[in-house]
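What follows is a short report on a single structure.
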There are 2 protein chains.
Amino acid sequence: MKPHRELSIFRKYLEKRGLKLTSERQALFDELFARHEHFEADELLVRLRTKHKKISRATIYRTLDLLVDSGIVGRVRIGESGYRYERLRAGEHHDHLICNECGRVIEFFEPAIENLQDQVCEKYGFLAISHSHQLRGICRQCRPRVTSREATAARSADPGRLRILPTA
Amino acid sequence: MKPHRELSIFRKYLEKRGLKLTSERQALFDELFARHEHFEADELLVRLRTKHKKISRATIYRTLDLLVDSGIVGRVRIGESGYRYERLRAGEHHDHLICNECGRVIEFFEPAIENLQDQVCEKYGFLAISHSHQLRGICRQCRPRVTSREATAARSADPGRLRILPTA
DNA sequence: CGCTAGTTGAGACTGAGTCGCAATCGCATT
DNA sequence: AATGCGATTGCGACTCAGTCTCAACTAGCG
């Protein structure tokens with residue numbers, strides 16, 4: 001496993017507050033950074049367990065907290081329950097398109113939206129610390145499989161919906 | 001309690017699928033529409049209980065599902081855990097500014113952001129069904145009470161954060 | 001009024017995440 | 001290499017929000 005730039009950030013983060021880079025933390029780090037994907041906590045647990053690394057659920061959550069706090073991992077509420085975690089490349093920010101059919105998560109970044117957000121904040125005297133912007137729907141791959149009838153059903157069944165879209 | 005336009009929508013919704021407008025459903029409806037606010041499910045339970053209306057937790061959740069499904073109530077993931085519910089005026093959509101200090105929820109609507117969202121969807125061949133857009137931070141009222149030092153701490157402690165903002 | 005599908009409440013259950021604590025570990029010092 | 005000690009771990013019990021089951025009940029049509 002090659003050393004990452006992120007690993008040194010993590011190391012520094014731990015050091016700064018007198019924490020240790022234990023083998024469990026290292027293993028979790030490696031697993032997260034082995035590929036760029038979105039993870040759930042329990043997924044990581046299973047993943048590590050099947051690799052014969054023993055690690056407890058509590059430690060997974062605790063380490064994830066550290067990684068999020070150090071800024072190299074992001075925590076997102078994506079599905080119905082629980083969080084997902086994702087690598088964060090420093091300085092890069094993105095939002096999410098989430099497919100209700102296949103669960104695929106597509107990342108997008110639209111600078112103009114970011115600017116408008118800042119304007120909204122200014123208007124309300126609001127000091128933004130973070131934001132979360134997600135669109136749920138049907139991705140390109142799933143669209144052919146979904147008739148318009150089903151899409152309408154999915155729409156009215158969508159539990160996370162915030163917006164009433166025109167029925168058309 | 002005056003009859004609402006929403007009540008007749010709800011009535012129609014129930015009728016259409018052979019469901020009944022029971023006293024529990026009516027009570028919950030009244031409570032929700034008594035004022036325009038964001039509610040948590042358990043809050044409603046307590047609220048109704050103190051009004052001597054007995055209603056079970058299961059029924060609260062079941063009825064909330066119906067209201068959401070009928071489109072007159074919105075379900076939002078706002079805090080750390082669980083959902084919040086809010087009245088939805090037909091055709092009106094809004095997003096949220098959420099204060100980390102006082103929990104206040106400010107609604108905003110920015111047509112230009114909505115348009116840009118549509119453009120993003122088009123670009124990815126994504127069929128949007130719903131979206132959720134929230135900014136977390138410190139509201140106007142709380143800003144005076146929060147030093148910039150504390151704000152920085154809040155920022156790095158923010159558990160819902162998705163975005164690494166410049167440290168400045 | 002009676003029928004029947006729909007509805008309710010109580011409480012058991014689930015899943016995600018947290019907590020307390022005794023045993024253990026990492027690592028700076030000797 | 002041994003010591004010391006704060007940090008860390010795993011376990012299992014716990015919490016919290018939400019769901020499910022099921023027997024008893026009810027709205028509302030005929």
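So you can find residues: chains in the structure tokens are A, B, ... in the order shown, residues in each start at 1, and ligands are numbered from 1 in order.
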
Can you list, as a compact mmCIF listing (two decimals) with N, CA and C atoms, in the first residue's frame, every protein, DNA or RNA residue that comes within 10 Å of region 88-99 of chain B when you count only C-alpha atoms (C1' of nucleotides), leaving out same-chain residues fewer than 5 positions away?
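The new file part.txt reads:
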```txt
# COMPACT_ATOMS: atom_id res chain seq x y z
N VAL A 120 -27.58 33.60 -1.03
CA VAL A 120 -28.72 33.33 -0.15
C VAL A 120 -28.32 33.59 1.30
N CYS A 121 -27.14 33.09 1.66
CA CYS A 121 -26.66 33.27 3.03
C CYS A 121 -26.55 34.73 3.38
N TYR A 124 -29.76 36.41 4.20
CA TYR A 124 -30.36 36.10 5.50
C TYR A 124 -29.41 36.34 6.67
N PHE A 126 -26.77 34.77 7.24
CA PHE A 126 -26.47 33.43 7.73
C PHE A 126 -25.01 33.09 7.44
N LEU A 127 -24.31 32.57 8.45
CA LEU A 127 -22.93 32.17 8.25
C LEU A 127 -22.88 30.67 7.98
N ALA A 128 -22.64 30.31 6.74
CA ALA A 128 -22.69 28.89 6.38
C ALA A 128 -21.45 28.15 6.85
N ILE A 129 -21.65 26.97 7.39
CA ILE A 129 -20.53 26.14 7.80
C ILE A 129 -20.41 24.94 6.89
N HIS A 131 -22.84 22.41 3.81
CA HIS A 131 -24.12 22.25 3.17
C HIS A 131 -24.27 20.84 2.62
N HIS A 133 -26.52 18.94 -0.48
CA HIS A 133 -27.39 19.18 -1.63
C HIS A 133 -27.49 17.88 -2.41
N LEU A 162 -38.78 16.50 -0.88
CA LEU A 162 -38.98 17.79 -0.27
C LEU A 162 -39.79 18.68 -1.16
N ARG A 163 -39.87 18.27 -2.37
CA ARG A 163 -40.39 19.18 -3.37
C ARG A 163 -41.53 18.52 -4.12
N ILE A 164 -42.56 19.27 -4.31
CA ILE A 164 -43.62 18.74 -5.14
C ILE A 164 -43.35 19.16 -6.56
N LEU A 165 -42.98 18.23 -7.38
CA LEU A 165 -42.71 18.57 -8.75
C LEU A 165 -44.02 18.50 -9.52
N PRO A 166 -44.11 19.25 -10.58
CA PRO A 166 -45.32 19.15 -11.40
C PRO A 166 -45.49 17.70 -11.85
N ARG B 5 -58.19 23.96 2.92
CA ARG B 5 -58.08 23.44 1.57
C ARG B 5 -57.32 22.10 1.64
N GLU B 6 -56.32 22.07 2.51
CA GLU B 6 -55.52 20.86 2.64
C GLU B 6 -56.34 19.69 3.16
N HIS B 36 -47.76 26.92 11.30
CA HIS B 36 -46.76 26.54 10.33
C HIS B 36 -45.41 26.39 11.03
N VAL B 68 -47.61 12.67 4.03
CA VAL B 68 -46.49 12.90 3.14
C VAL B 68 -46.84 12.38 1.75
N GLY B 71 -48.97 14.45 -0.26
CA GLY B 71 -48.31 15.63 -0.80
C GLY B 71 -48.52 16.92 -0.01
N ILE B 72 -49.27 16.86 1.07
CA ILE B 72 -49.51 18.12 1.79
C ILE B 72 -48.55 18.33 2.94
N VAL B 73 -47.76 17.32 3.23
CA VAL B 73 -46.75 17.45 4.27
C VAL B 73 -45.42 16.96 3.70
N GLY B 74 -44.35 17.63 4.08
CA GLY B 74 -43.03 17.24 3.61
C GLY B 74 -42.22 16.61 4.71
N ARG B 75 -41.38 15.68 4.35
CA ARG B 75 -40.53 15.00 5.33
C ARG B 75 -39.10 15.41 5.04
N VAL B 76 -38.42 15.91 6.03
CA VAL B 76 -37.07 16.41 5.85
C VAL B 76 -36.12 15.82 6.85
N ILE B 78 -33.34 16.77 8.88
CA ILE B 78 -32.73 18.04 9.19
C ILE B 78 -31.67 17.92 10.26
N GLY B 79 -32.01 17.30 11.33
CA GLY B 79 -31.05 17.24 12.43
C GLY B 79 -30.12 16.08 12.25
N ARG B 104 -32.93 26.84 14.78
CA ARG B 104 -33.89 27.53 13.94
C ARG B 104 -33.79 27.05 12.49
N VAL B 105 -34.92 26.96 11.82
CA VAL B 105 -34.92 26.57 10.42
C VAL B 105 -35.48 27.71 9.58
N ILE B 106 -34.68 28.20 8.67
CA ILE B 106 -35.12 29.30 7.80
C ILE B 106 -35.37 28.72 6.41
N GLU B 107 -36.49 29.07 5.85
CA GLU B 107 -36.80 28.55 4.53
C GLU B 107 -36.35 29.55 3.48
N PHE B 108 -35.82 29.03 2.40
CA PHE B 108 -35.47 29.93 1.31
C PHE B 108 -35.84 29.29 -0.01
N PHE B 109 -35.98 30.13 -1.01
CA PHE B 109 -36.27 29.64 -2.34
C PHE B 109 -35.49 30.49 -3.33
N GLU B 110 -34.73 29.86 -4.15
CA GLU B 110 -33.90 30.59 -5.11
C GLU B 110 -34.10 29.95 -6.49
N PRO B 111 -34.95 30.59 -7.29
CA PRO B 111 -35.29 30.01 -8.60
C PRO B 111 -34.06 29.69 -9.44
N GLU B 114 -32.74 26.40 -8.64
CA GLU B 114 -33.60 25.34 -9.17
C GLU B 114 -33.30 25.10 -10.66
N HIS B 131 -35.55 16.69 -4.32
CA HIS B 131 -34.22 17.09 -3.90
C HIS B 131 -34.24 17.62 -2.48
N SER B 132 -33.06 17.69 -1.93
CA SER B 132 -32.91 18.19 -0.59
C SER B 132 -31.68 19.08 -0.57
N HIS B 133 -31.86 20.28 -0.12
CA HIS B 133 -30.77 21.24 -0.17
C HIS B 133 -30.76 22.00 1.15
N GLN B 134 -29.73 21.79 1.92
CA GLN B 134 -29.68 22.43 3.22
C GLN B 134 -28.32 23.06 3.47
N LEU B 135 -28.35 24.23 4.07
CA LEU B 135 -27.11 24.85 4.50
C LEU B 135 -27.13 24.90 6.02
N ARG B 136 -26.06 24.48 6.63
CA ARG B 136 -25.99 24.55 8.08
C ARG B 136 -24.99 25.62 8.46
N GLY B 137 -25.24 26.27 9.57
CA GLY B 137 -24.33 27.32 9.99
C GLY B 137 -24.88 28.07 11.17
N ILE B 138 -24.61 29.37 11.20
CA ILE B 138 -25.05 30.18 12.33
C ILE B 138 -25.98 31.27 11.81
N CYS B 139 -27.13 31.37 12.41
CA CYS B 139 -28.11 32.35 11.93
C CYS B 139 -27.78 33.76 12.44
N ARG B 140 -28.45 34.71 11.87
CA ARG B 140 -28.21 36.11 12.20
C ARG B 140 -28.29 36.36 13.71
N GLN B 141 -29.34 35.80 14.32
CA GLN B 141 -29.56 36.02 15.74
C GLN B 141 -28.43 35.45 16.59
N CYS B 142 -27.87 34.33 16.15
CA CYS B 142 -26.85 33.67 16.98
C CYS B 142 -25.45 34.19 16.71
N ARG B 143 -25.25 34.83 15.60
CA ARG B 143 -23.89 35.24 15.25
C ARG B 143 -23.22 36.10 16.30
```

Exercise. Least-squares fit chain B onto chain A by Cα, in order, and just send back the RMSD.
Key: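 The optimal C-alpha superposition leaves an RMSD of 0.1 Å.
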
Quiz item: Once you count only C-alpha atoms (C1' of nucleotides), which residues of chain A turn out to be within 8 Å of chain D? Could you give them as a PyMOL selection string?
Solution: chain A and resi 19-20+55-56+58-59

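Taking only region 41-87 of chain A, the residues that DSSP calls strand (DSSP E) from the backbone come to Val73, Gly74, Arg75, Val76, Arg84, Tyr85, Glu86 and Arg87 of chain A.
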
Quiz item: Counting only C-alpha atoms (C1' of nucleotides), which residues of chain C come no farther than 12 Å from chain A, as a list in words?
Solution: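 Interface list for chain C against chain A: DG15, DA16, DG17, DT18, DC19, DC25, DG26 and DC27 of chain C.
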
Quiz prompt | Atomic separation - CA of Ser70 (chain A) relative to CA of Ile9 (chain A), Å | solution =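 Rounded to one decimal, the two atoms are 7.7 Å apart.
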
Quiz item: Which residues in chain B does DSSP call alpha helix (DSSP H)? List them as a PyMOL selection string.
Solution: chain B and resi 5-16+23-33+41-50+57-70+111-124+148-157

Would you put the residues from that selection into a file with C-alpha atoms, as an mmCIF file, in the first residue's frame?
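The result, stored in selection-v1.cif:
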```cif
data_model
loop_
_atom_site.group_PDB
_atom_site.id
_atom_site.type_symbol
_atom_site.label_atom_id
_atom_site.label_comp_id
_atom_site.auth_asym_id
_atom_site.auth_seq_id
_atom_site.Cartn_x
_atom_site.Cartn_y
_atom_site.Cartn_z
ATOM 1 C CA ARG B 5 -58.075 23.441 1.575
ATOM 2 C CA GLU B 6 -55.517 20.865 2.635
ATOM 3 C CA LEU B 7 -58.094 18.942 4.566
ATOM 4 C CA SER B 8 -60.137 18.414 1.470
ATOM 5 C CA ILE B 9 -57.041 17.270 -0.390
ATOM 6 C CA PHE B 10 -56.381 14.804 2.381
ATOM 7 C CA ARG B 11 -59.967 13.655 2.393
ATOM 8 C CA LYS B 12 -59.879 13.095 -1.330
ATOM 9 C CA TYR B 13 -56.609 11.257 -1.061
ATOM 10 C CA LEU B 14 -58.020 8.902 1.531
ATOM 11 C CA GLU B 15 -61.229 8.357 -0.346
ATOM 12 C CA LYS B 16 -59.423 7.556 -3.553
ATOM 13 C CA SER B 23 -60.625 10.819 14.633
ATOM 14 C CA GLU B 24 -56.935 10.103 15.168
ATOM 15 C CA ARG B 25 -56.081 11.168 11.644
ATOM 16 C CA GLN B 26 -58.191 14.259 12.036
ATOM 17 C CA ALA B 27 -56.539 15.147 15.341
ATOM 18 C CA LEU B 28 -53.075 14.742 13.903
ATOM 19 C CA PHE B 29 -54.028 16.787 10.885
ATOM 20 C CA ASP B 30 -55.381 19.580 13.064
ATOM 21 C CA GLU B 31 -52.291 19.635 15.187
ATOM 22 C CA LEU B 32 -49.999 19.836 12.189
ATOM 23 C CA PHE B 33 -51.967 22.591 10.560
ATOM 24 C CA ALA B 41 -42.930 12.808 15.187
ATOM 25 C CA ASP B 42 -42.504 12.407 18.922
ATOM 26 C CA GLU B 43 -43.202 16.072 19.432
ATOM 27 C CA LEU B 44 -46.615 15.553 17.911
ATOM 28 C CA LEU B 45 -47.212 12.613 20.177
ATOM 29 C CA VAL B 46 -46.481 14.658 23.289
ATOM 30 C CA ARG B 47 -48.479 17.571 21.950
ATOM 31 C CA LEU B 48 -51.563 15.458 21.354
ATOM 32 C CA ARG B 49 -51.204 13.595 24.605
ATOM 33 C CA THR B 50 -51.154 16.790 26.618
ATOM 34 C CA ARG B 57 -46.801 6.338 18.305
ATOM 35 C CA ALA B 58 -47.486 3.833 15.541
ATOM 36 C CA THR B 59 -50.503 5.808 14.426
ATOM 37 C CA ILE B 60 -48.539 9.033 14.373
ATOM 38 C CA TYR B 61 -46.019 7.513 12.031
ATOM 39 C CA ARG B 62 -48.647 5.841 9.915
ATOM 40 C CA THR B 63 -50.645 9.015 9.536
ATOM 41 C CA LEU B 64 -47.575 11.073 8.811
ATOM 42 C CA ASP B 65 -46.798 8.638 6.008
ATOM 43 C CA LEU B 66 -50.207 9.244 4.537
ATOM 44 C CA LEU B 67 -49.876 12.989 4.778
ATOM 45 C CA VAL B 68 -46.489 12.901 3.142
ATOM 46 C CA ASP B 69 -47.741 10.594 0.468
ATOM 47 C CA SER B 70 -50.731 12.813 -0.215
ATOM 48 C CA PRO B 111 -35.287 30.008 -8.603
ATOM 49 C CA ALA B 112 -31.872 30.318 -10.169
ATOM 50 C CA ILE B 113 -30.615 27.396 -8.101
ATOM 51 C CA GLU B 114 -33.600 25.341 -9.174
ATOM 52 C CA ASN B 115 -32.829 26.060 -12.792
ATOM 53 C CA LEU B 116 -29.219 25.126 -12.401
ATOM 54 C CA GLN B 117 -30.263 21.883 -10.781
ATOM 55 C CA ASP B 118 -32.311 21.046 -13.820
ATOM 56 C CA GLN B 119 -29.315 21.737 -15.967
ATOM 57 C CA VAL B 120 -27.157 19.440 -13.879
ATOM 58 C CA CYS B 121 -29.738 16.683 -14.255
ATOM 59 C CA GLU B 122 -29.856 17.123 -17.971
ATOM 60 C CA LYS B 123 -26.115 16.933 -18.198
ATOM 61 C CA TYR B 124 -26.078 13.562 -16.433
ATOM 62 C CA SER B 148 -15.064 33.440 15.259
ATOM 63 C CA ARG B 149 -13.055 30.991 17.333
ATOM 64 C CA GLU B 150 -16.147 29.097 18.311
ATOM 65 C CA ALA B 151 -17.401 29.171 14.786
ATOM 66 C CA THR B 152 -14.243 27.478 13.652
ATOM 67 C CA ALA B 153 -14.658 24.827 16.302
ATOM 68 C CA ALA B 154 -18.263 24.353 15.296
ATOM 69 C CA ARG B 155 -17.164 23.994 11.739
ATOM 70 C CA SER B 156 -14.745 21.184 12.421
ATOM 71 C CA ALA B 157 -17.175 19.514 14.770
#
```

Practice problem: Rounded to one decimal place, report the CA of Cys102 (chain B)-CA of Glu86 (chain B) distance in Å. | Solution: 18.2 Å

Quiz prompt | Option closest in space to chain A, from B:Arg35, B:Arg145, B:Arg77, B:Arg17 [counting only C-alpha atoms] | solution =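 The shortest atom-to-atom distance to chain A comes from B:Arg77.
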
Practice problem: Using only C-alpha atoms, find the one residue out of B:Pro144, B:Gly125, B:Glu40, B:Arg84 that sits nearest to chain A. | Solution: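 Closest to chain A, using only C-alpha atoms: B:Gly125.
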
Quiz item: Please, what distance in Å, to one decimal, runs between CA of Ser130 (chain A) and CA of Tyr85 (chain A)?
Solution: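 CA of Tyr85 (chain A) lies at a distance of 15.6 Å from CA of Ser130 (chain A).
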